[in-house]
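To start, the structure under review is shown below, and the notes come after it.
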Amino acid sequence: ATHSDVKLKDPFMLAQKDLKSLYDDIKKELFVSKRELKHLCDYYFDGKGKAIRPIIVILMARALNIHSNQAGDLLPGQRAIAMISEMIHTASLVHDDVIDGSDERRGKRSINDVWGERKAILAGDFILSASTMALARIGNSAVIKLLSQVIEDLVRGEFMQLGSKENENERFKHYLEKTFKKTASLIAHSCKAVCFSSDVHEIAYQYGKNVGIAFQLVDDVLDFTSGATQLGKPAAADLKLGLATGPVLFACEQFPELHAMIMRRFSSKGDVDRAWEFVLQSDGVQQTNFLARRYCDEAIRHISFLRPSPERDALIRLTEIVLNRDK
């Protein structure tokens, strides 16, 4: 491939212009005269995140437009959906940080650490309400339904994370369903929402769902393999929160001692360190990575039905980026 081919398929380069205007649009949506609330709301919209979700939605919209014989540019409705989806996601981050008691996100202090829990909860509510106002303006009931489903899934997924399953077979199913609700639902439903022709609805949805699950599986692996500095949040964070993610569940097949620890949510003294050791001695990390690759292969299989375009190829390339990221 020539240098220009590579540049063409770079998802970040392709989406850069649309991404910048997306964050400008969000700042306008969140315009409030009360200064402190404005600071709170703008805090995570600093363009410093990975922005993988909005990039997927932007590229998907453009790839779908080209597939339907239209110009590749984003339509106003699609632009609004990408924006709303990123606002819903960010509101959920603000609330997650409160629930988890996190003091760091994206390499800087979390909102709740800077302003306190009460104000953080209100900021999350405010961002969410601004997103529903923008959603109402689109005035398309199918889109409203899809993005409302995302909000419901985020809440249900968080509830699932707070509970756990006794039975080991059920546990993995519970984990994957929670992963879909907390991470993949937003991407899947947003991809479907930017799709105006029903014959490719399923392609868009399946790509988003499979990439979304893979993204979270890799995230769960990075909790064990990445230095805290790279992640921008402390390592072993999930274990400390009592969460058994993919690497732990796979490790449990080799080290049954983990079963009791999972049941008590790593709450006894030394549990976190011992679980960490078991995971690193097992092939839990490799198995989780392998599973993530299978989900990415499935995403590629679906998106390959779309007519070839730089955007479609960038979405294929994005699966590699998701699998190989180190933060």
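Chain labels follow the order of the structure tokens: the first chain is A, the next B, and so on; residue numbering restarts at 1 in every chain, and ligands are counted from 1 in their shown order.
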
Task: Members of region 13-227 of chain A assigned strand (DSSP E or B) by DSSP, as a PyMOL selection string - done: chain A and resi 104-105+108-109

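Shell of Glu257 (chain A) at 9 Å, with only C-alpha atoms counted and residues fewer than 4 places along the chain excluded, is Cys252, Met261, Ala275 and Phe278 of chain A.
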
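In terms of minimum interatomic distance to Tyr295 (chain A), A:Gln206 ranks closest within A:Ser268, A:Ser141, A:Gln206, A:Ser68, counting only C-alpha atoms.
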
TODO: Might you pull out every residue within 12 Å of Phe305 (chain A), with only C-alpha atoms counted and same-chain residues fewer than 2 positions away left off, and present them as a PyMOL selection string?
DONE: chain A and resi 63-64+67+199-204+206-207+298-303+307-309+312-313+316

Those selected residues, please, written with C-alpha atoms and delivered as a short mmCIF file (atom, residue, chain, number, x, y, z; two decimals), in the first residue's frame.
data_model
loop_
_atom_site.label_atom_id
_atom_site.label_comp_id
_atom_site.auth_asym_id
_atom_site.auth_seq_id
_atom_site.Cartn_x
_atom_site.Cartn_y
_atom_site.Cartn_z
CA ALA A 63 -19.86 4.45 4.76
CA LEU A 64 -23.64 3.88 4.79
CA HIS A 67 -23.34 2.46 0.14
CA ASP A 199 -31.75 -3.20 4.37
CA VAL A 200 -28.40 -2.41 6.03
CA HIS A 201 -29.69 -1.82 9.58
CA GLU A 202 -28.46 -5.22 10.71
CA ILE A 203 -24.97 -4.76 9.19
CA ALA A 204 -24.51 -1.47 11.07
CA GLN A 206 -23.81 -6.08 14.22
CA TYR A 207 -20.60 -4.20 13.45
CA GLU A 298 -17.46 -11.07 13.18
CA ALA A 299 -17.59 -7.26 12.91
CA ILE A 300 -15.44 -7.38 9.77
CA ARG A 301 -17.64 -10.10 8.27
CA HIS A 302 -20.70 -7.85 8.60
CA ILE A 303 -19.15 -4.57 7.47
CA ARG A 307 -19.85 -1.21 -0.82
CA PRO A 308 -16.08 -0.52 -0.65
CA SER A 309 -15.15 3.00 0.47
CA ARG A 312 -15.67 1.17 5.24
CA ASP A 313 -11.99 0.19 5.04
CA ILE A 316 -12.16 -2.64 9.17
#

Task: Non-local contacts of region 96-109 of chain A (12 Å; only C-alpha atoms; under 3 positions in same chain excluded) as a ChimeraX atom specification - done: /A:43-51,89-93,112-124,154-155,157-159,161-162,182,228-235,237-243,327

Please dump the current selection as a PDB file, in the first residue's frame; keep C-alpha atoms.
ATOM      1  CA  TYR A  43     -14.467  18.887  31.772  1.00  0.00           C
ATOM      2  CA  TYR A  44     -14.540  15.534  29.932  1.00  0.00           C
ATOM      3  CA  PHE A  45     -15.301  17.072  26.513  1.00  0.00           C
ATOM      4  CA  ASP A  46     -11.739  18.312  26.141  1.00  0.00           C
ATOM      5  CA  GLY A  47     -11.005  16.195  23.066  1.00  0.00           C
ATOM      6  CA  LYS A  48      -8.381  14.256  25.056  1.00  0.00           C
ATOM      7  CA  GLY A  49     -10.247  10.938  25.152  1.00  0.00           C
ATOM      8  CA  LYS A  50      -9.747   8.104  22.653  1.00  0.00           C
ATOM      9  CA  ALA A  51     -12.981   9.173  20.898  1.00  0.00           C
ATOM     10  CA  HIS A  89     -21.598   8.058  26.960  1.00  0.00           C
ATOM     11  CA  THR A  90     -19.926  10.909  28.842  1.00  0.00           C
ATOM     12  CA  ALA A  91     -22.852  11.325  31.254  1.00  0.00           C
ATOM     13  CA  SER A  92     -22.504   7.619  32.042  1.00  0.00           C
ATOM     14  CA  LEU A  93     -18.749   8.048  32.697  1.00  0.00           C
ATOM     15  CA  ASN A 112     -16.125  13.703  41.531  1.00  0.00           C
ATOM     16  CA  ASP A 113     -12.588  14.094  42.859  1.00  0.00           C
ATOM     17  CA  VAL A 114     -12.431  17.762  41.823  1.00  0.00           C
ATOM     18  CA  TRP A 115     -15.990  18.911  42.608  1.00  0.00           C
ATOM     19  CA  GLY A 116     -17.384  16.226  44.916  1.00  0.00           C
ATOM     20  CA  GLU A 117     -19.979  13.517  44.366  1.00  0.00           C
ATOM     21  CA  ARG A 118     -23.138  15.608  44.583  1.00  0.00           C
ATOM     22  CA  LYS A 119     -22.100  18.053  41.894  1.00  0.00           C
ATOM     23  CA  ALA A 120     -20.752  15.214  39.732  1.00  0.00           C
ATOM     24  CA  ILE A 121     -24.135  13.435  39.864  1.00  0.00           C
ATOM     25  CA  LEU A 122     -25.906  16.661  38.900  1.00  0.00           C
ATOM     26  CA  ALA A 123     -23.458  17.288  36.050  1.00  0.00           C
ATOM     27  CA  GLY A 124     -24.126  13.776  34.709  1.00  0.00           C
ATOM     28  CA  LEU A 154     -26.410   1.503  30.585  1.00  0.00           C
ATOM     29  CA  VAL A 155     -28.432   1.435  33.803  1.00  0.00           C
ATOM     30  CA  GLY A 157     -25.604  -3.067  32.777  1.00  0.00           C
ATOM     31  CA  GLU A 158     -24.432  -1.147  35.827  1.00  0.00           C
ATOM     32  CA  PHE A 159     -26.940  -3.090  37.965  1.00  0.00           C
ATOM     33  CA  GLN A 161     -22.143  -5.316  37.418  1.00  0.00           C
ATOM     34  CA  LEU A 162     -23.217  -4.783  41.025  1.00  0.00           C
ATOM     35  CA  LYS A 182     -22.582  -1.240  29.446  1.00  0.00           C
ATOM     36  CA  ALA A 228      -1.325   2.477  35.348  1.00  0.00           C
ATOM     37  CA  THR A 229       0.358   5.407  33.604  1.00  0.00           C
ATOM     38  CA  GLN A 230      -0.677   4.188  30.162  1.00  0.00           C
ATOM     39  CA  LEU A 231      -4.277   3.522  31.101  1.00  0.00           C
ATOM     40  CA  GLY A 232      -4.765   6.844  32.840  1.00  0.00           C
ATOM     41  CA  LYS A 233      -6.384   4.917  35.693  1.00  0.00           C
ATOM     42  CA  PRO A 234      -4.915   2.570  38.325  1.00  0.00           C
ATOM     43  CA  ALA A 235      -4.206  -1.038  37.285  1.00  0.00           C
ATOM     44  CA  ALA A 237      -8.968  -1.366  39.284  1.00  0.00           C
ATOM     45  CA  ASP A 238     -11.609  -3.985  38.443  1.00  0.00           C
ATOM     46  CA  LEU A 239     -10.390  -6.463  41.063  1.00  0.00           C
ATOM     47  CA  LYS A 240     -10.348  -3.702  43.667  1.00  0.00           C
ATOM     48  CA  LEU A 241     -13.978  -2.955  42.764  1.00  0.00           C
ATOM     49  CA  GLY A 242     -14.800  -6.634  43.264  1.00  0.00           C
ATOM     50  CA  LEU A 243     -15.355  -7.267  39.550  1.00  0.00           C
ATOM     51  CA  LYS A 327      -4.349   2.214  26.739  1.00  0.00           C
TER      52      LYS A 327
END

- [ ] List the neighbours of region 321-323 of chain A out to 10 Å using only C-alpha atoms; skip same-chain residues closer than 3 positions along the sequence, and give me the result as a list in words.
- [x] Asp10, Pro11, Ile52, Val211, Gly212, Ala214, Phe215, Gln216, Leu217, Val218, Asp219, Asn289, Phe290, Ala292, Arg293, Cys296, Leu315, Ile316, Arg317, Leu318, Asp326 and Lys327 of chain A

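Using only C-alpha atoms, the protein and nucleic acid residues lying no more than 6 Å from Asp223 (chain A), apart from those fewer than 2 places from it along its own chain, are Asp220, Val221, Thr225, Ala235 and Ala236 of chain A.
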
If we count only C-alpha atoms and set the cut-off at 8 Å, which residues sit around Arg156 (chain A), ignoring sequence neighbours fewer than 4 positions away in its own chain? Please answer as a PDB file with N, CA and C atoms, in the first residue's frame.
ATOM      1  N   GLU A 152     -31.300   2.957  28.858  1.00  0.00           N
ATOM      2  CA  GLU A 152     -31.823   1.867  29.693  1.00  0.00           C
ATOM      3  C   GLU A 152     -30.764   0.774  29.872  1.00  0.00           C
ATOM      4  N   MET A 160     -26.220  -5.013  36.670  1.00  0.00           N
ATOM      5  CA  MET A 160     -25.671  -6.370  36.507  1.00  0.00           C
ATOM      6  C   MET A 160     -24.264  -6.440  37.079  1.00  0.00           C
ATOM      7  N   LYS A 178     -23.604  -8.204  30.397  1.00  0.00           N
ATOM      8  CA  LYS A 178     -23.291  -6.925  31.053  1.00  0.00           C
ATOM      9  C   LYS A 178     -22.388  -6.081  30.152  1.00  0.00           C
ATOM     10  N   LYS A 181     -24.455  -4.518  27.452  1.00  0.00           N
ATOM     11  CA  LYS A 181     -25.304  -3.416  27.917  1.00  0.00           C
ATOM     12  C   LYS A 181     -24.483  -2.178  28.276  1.00  0.00           C
ATOM     13  N   LYS A 182     -23.357  -2.390  28.955  1.00  0.00           N
ATOM     14  CA  LYS A 182     -22.582  -1.240  29.446  1.00  0.00           C
ATOM     15  C   LYS A 182     -21.722  -0.582  28.359  1.00  0.00           C
TER      16      LYS A 182
END

Open item on the list: Taking the DSSP secondary structure from the backbone, can you list the residues of region 2-203 of chain A that are alpha helix (DSSP H), as a ChimeraX atom specification?
Closed with: /A:3-9,11-29,35-42,52-67,76-100,111-115,117-138,141-162,168-179,185-193,201-203

- [ ] Considering only C-alpha atoms, state which residue in the set A:Ala130, A:Met263, A:Ile66, A:Leu258 is at the smallest distance from Glu86 (chain A).
- [x] A:Ala130

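Picture a line from CA of Glu311 (chain A) to CA of Leu59 (chain A); it runs 5.4 Å.
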
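Here CA of Ser33 (chain A) and CA of Lys17 (chain A) stand 27.9 Å from one another.
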